[in-house]
Amino acid sequence: MVYKIAVFASGSGSNFEALAKQTKEGKIRNSEIALLITDKEGVYALERAKKYDIPSVSFTPKNFADKKEYEEAVLKVLEEYNIDFVILAGYMRLVGEVLLSRYEGKMINIHPSLLPAFKGKDAIAMALDYGVKYTGVTIHWVDSGMDTGKIIAQEIVKIENGETYETLAQKIHKVEHKLYPQTVDKLLGGE
Ligand code: GRF
């Protein structure tokens with residue numbers, strides 16, 4: 001079986017690209033990145049999708065009456081593409097009932113901290129401000145909360161003296177681009 005995966009992103013899409021590249025290289029087995037969904041027009045993730053010849057669909061949630069209608073439109077596209085599994089990668093939005101009722105247990109997210117510490121936006125800056133000496137990356141199942149689902153994988157990133165936001169963000173992204181593809185391969189690539 002080849003799993004058809006949709007990646008959801010809101011911005012740069014560097015994790016999307018790592019997943020697309022490593023799928024193409026066969027490092028994520030039994031899987032095809034079949035679709036990119038964004039909740040913004042014109043974001044850089046869409047350029048990356050063109051580069052990998054992956055179809056993409058952009059939504060503007062405020063053009064819908066409410067979250068339910070927005071997610072129903074997204075769900076329709078996922079069904080058109082026969083999507084089996086959803087990977088959130090920098091998708092800056094809570095997932096609601098419509099998508100969860102179809103994809104709970106088949107939807108994962110990546111977060112740039114060691115959850116349950118530093119949930120929500122700006123986790124990298126929060127860790128630096130707090131002065132913790134270790135932070136990291138977490139991959140977890142998606143539920144209706146903000147970064148609350150059960151944890152699948154974590155990796156530690158050490159915060160050195162004199163670390164800046166830029167150096168830490170770079171270290172975290174490097175770990176993300178390795179850990180996310182590895183985790184997807186473990187989940188979907190086995191027997
Ligand atoms: C990543 O740091 C991820 O952990 C967080 O949002 C960021 C997305 O970066 N959820 P990118 O768009 O994949 O470059």
# chains A, B, ... in the order shown; residues from 1 in each chain; ligands from 1
>>> residues_near_ligand(ligand="ligand 1", cutoff="9 Å", atoms="only C-alpha atoms and all ligand atoms", output="ChimeraX atom specification")
/A:9-18,44-45,88-92,109-113,120-124,137-139,169,172-173,176-177
>>> select_by_dssp(residues="stretch 13-186 of chain A", states="alpha helix (DSSP H)", output="number ranges by chain")
A: 14-24, 44-51, 67-80, 97-103, 123-130, 165-186
>>> write_last_selection(atoms="C-alpha atoms", output="PDB file, in the first residue's frame")
ATOM      1  CA  SER A  14      10.825  23.961   5.014  1.00  0.00           C
ATOM      2  CA  ASN A  15       9.428  20.880   6.784  1.00  0.00           C
ATOM      3  CA  PHE A  16       7.134  20.236   3.831  1.00  0.00           C
ATOM      4  CA  GLU A  17      10.169  20.331   1.535  1.00  0.00           C
ATOM      5  CA  ALA A  18      12.154  17.943   3.770  1.00  0.00           C
ATOM      6  CA  LEU A  19       9.231  15.512   3.657  1.00  0.00           C
ATOM      7  CA  ALA A  20       8.807  15.900  -0.119  1.00  0.00           C
ATOM      8  CA  LYS A  21      12.529  15.419  -0.771  1.00  0.00           C
ATOM      9  CA  GLN A  22      12.941  12.397   1.470  1.00  0.00           C
ATOM     10  CA  THR A  23       9.798  10.762   0.107  1.00  0.00           C
ATOM     11  CA  LYS A  24      11.158  11.200  -3.410  1.00  0.00           C
ATOM     12  CA  TYR A  44       6.688  30.218   0.102  1.00  0.00           C
ATOM     13  CA  ALA A  45       5.554  26.637   0.756  1.00  0.00           C
ATOM     14  CA  LEU A  46       3.594  26.891  -2.526  1.00  0.00           C
ATOM     15  CA  GLU A  47       6.806  27.601  -4.476  1.00  0.00           C
ATOM     16  CA  ARG A  48       8.394  24.538  -2.924  1.00  0.00           C
ATOM     17  CA  ALA A  49       5.386  22.433  -4.026  1.00  0.00           C
ATOM     18  CA  LYS A  50       5.897  23.591  -7.640  1.00  0.00           C
ATOM     19  CA  LYS A  51       9.536  22.568  -7.441  1.00  0.00           C
ATOM     20  CA  LYS A  67     -14.486  27.057  10.861  1.00  0.00           C
ATOM     21  CA  LYS A  68     -16.947  24.281  10.036  1.00  0.00           C
ATOM     22  CA  GLU A  69     -17.517  25.563   6.492  1.00  0.00           C
ATOM     23  CA  TYR A  70     -13.810  26.160   5.974  1.00  0.00           C
ATOM     24  CA  GLU A  71     -12.935  22.651   7.100  1.00  0.00           C
ATOM     25  CA  GLU A  72     -15.722  21.112   5.017  1.00  0.00           C
ATOM     26  CA  ALA A  73     -14.140  22.738   1.953  1.00  0.00           C
ATOM     27  CA  VAL A  74     -10.709  21.401   2.960  1.00  0.00           C
ATOM     28  CA  LEU A  75     -12.159  17.928   3.591  1.00  0.00           C
ATOM     29  CA  LYS A  76     -13.736  17.899   0.137  1.00  0.00           C
ATOM     30  CA  VAL A  77     -10.313  18.501  -1.446  1.00  0.00           C
ATOM     31  CA  LEU A  78      -8.704  15.821   0.759  1.00  0.00           C
ATOM     32  CA  GLU A  79     -11.373  13.374  -0.386  1.00  0.00           C
ATOM     33  CA  GLU A  80     -10.855  14.311  -4.055  1.00  0.00           C
ATOM     34  CA  GLU A  97     -14.346  18.756  14.556  1.00  0.00           C
ATOM     35  CA  VAL A  98     -14.872  18.330  10.818  1.00  0.00           C
ATOM     36  CA  LEU A  99     -11.286  17.357  10.043  1.00  0.00           C
ATOM     37  CA  LEU A 100     -10.790  15.481  13.319  1.00  0.00           C
ATOM     38  CA  SER A 101     -13.856  13.328  12.799  1.00  0.00           C
ATOM     39  CA  ARG A 102     -12.292  12.030   9.578  1.00  0.00           C
ATOM     40  CA  TYR A 103      -8.537  12.148  10.366  1.00  0.00           C
ATOM     41  CA  ALA A 123       7.945  28.287  21.393  1.00  0.00           C
ATOM     42  CA  ILE A 124      11.571  28.929  20.398  1.00  0.00           C
ATOM     43  CA  ALA A 125      11.555  32.486  21.810  1.00  0.00           C
ATOM     44  CA  MET A 126       9.714  31.338  24.951  1.00  0.00           C
ATOM     45  CA  ALA A 127      12.369  28.698  25.679  1.00  0.00           C
ATOM     46  CA  LEU A 128      15.164  31.268  25.248  1.00  0.00           C
ATOM     47  CA  ASP A 129      13.386  33.868  27.406  1.00  0.00           C
ATOM     48  CA  TYR A 130      12.735  31.309  30.122  1.00  0.00           C
ATOM     49  CA  TYR A 165      16.961  33.215  18.384  1.00  0.00           C
ATOM     50  CA  GLU A 166      18.528  32.727  14.930  1.00  0.00           C
ATOM     51  CA  THR A 167      21.108  30.138  15.986  1.00  0.00           C
ATOM     52  CA  LEU A 168      18.581  28.210  18.052  1.00  0.00           C
ATOM     53  CA  ALA A 169      15.927  28.297  15.319  1.00  0.00           C
ATOM     54  CA  GLN A 170      18.494  26.960  12.872  1.00  0.00           C
ATOM     55  CA  LYS A 171      19.442  24.076  15.187  1.00  0.00           C
ATOM     56  CA  ILE A 172      15.799  23.227  15.801  1.00  0.00           C
ATOM     57  CA  HIS A 173      14.939  23.253  12.103  1.00  0.00           C
ATOM     58  CA  LYS A 174      17.856  20.961  11.358  1.00  0.00           C
ATOM     59  CA  VAL A 175      16.525  18.432  13.870  1.00  0.00           C
ATOM     60  CA  GLU A 176      12.974  18.833  12.533  1.00  0.00           C
ATOM     61  CA  HIS A 177      14.017  18.119   8.945  1.00  0.00           C
ATOM     62  CA  LYS A 178      15.532  14.808  10.054  1.00  0.00           C
ATOM     63  CA  LEU A 179      13.111  13.726  12.797  1.00  0.00           C
ATOM     64  CA  TYR A 180       9.855  14.390  10.906  1.00  0.00           C
ATOM     65  CA  PRO A 181      10.697  12.238   7.850  1.00  0.00           C
ATOM     66  CA  GLN A 182      12.140   9.493  10.115  1.00  0.00           C
ATOM     67  CA  THR A 183       8.987   9.445  12.228  1.00  0.00           C
ATOM     68  CA  VAL A 184       6.674   9.312   9.215  1.00  0.00           C
ATOM     69  CA  ASP A 185       8.706   6.411   7.828  1.00  0.00           C
ATOM     70  CA  LYS A 186       8.377   4.601  11.174  1.00  0.00           C
TER      71      LYS A 186
END
>>> atom_distance(atom1="atom CA of A:Thr135", atom2="atom CA of A:Phe118")
9.3 Å
>>> atom_distance(atom1="atom CA of A:Pro116", atom2="atom CA of A:Lys133")
15.7 Å
>>> atom_distance(atom1="atom CA of A:Gly189", atom2="atom CA of A:Asn30")
5.2 Å
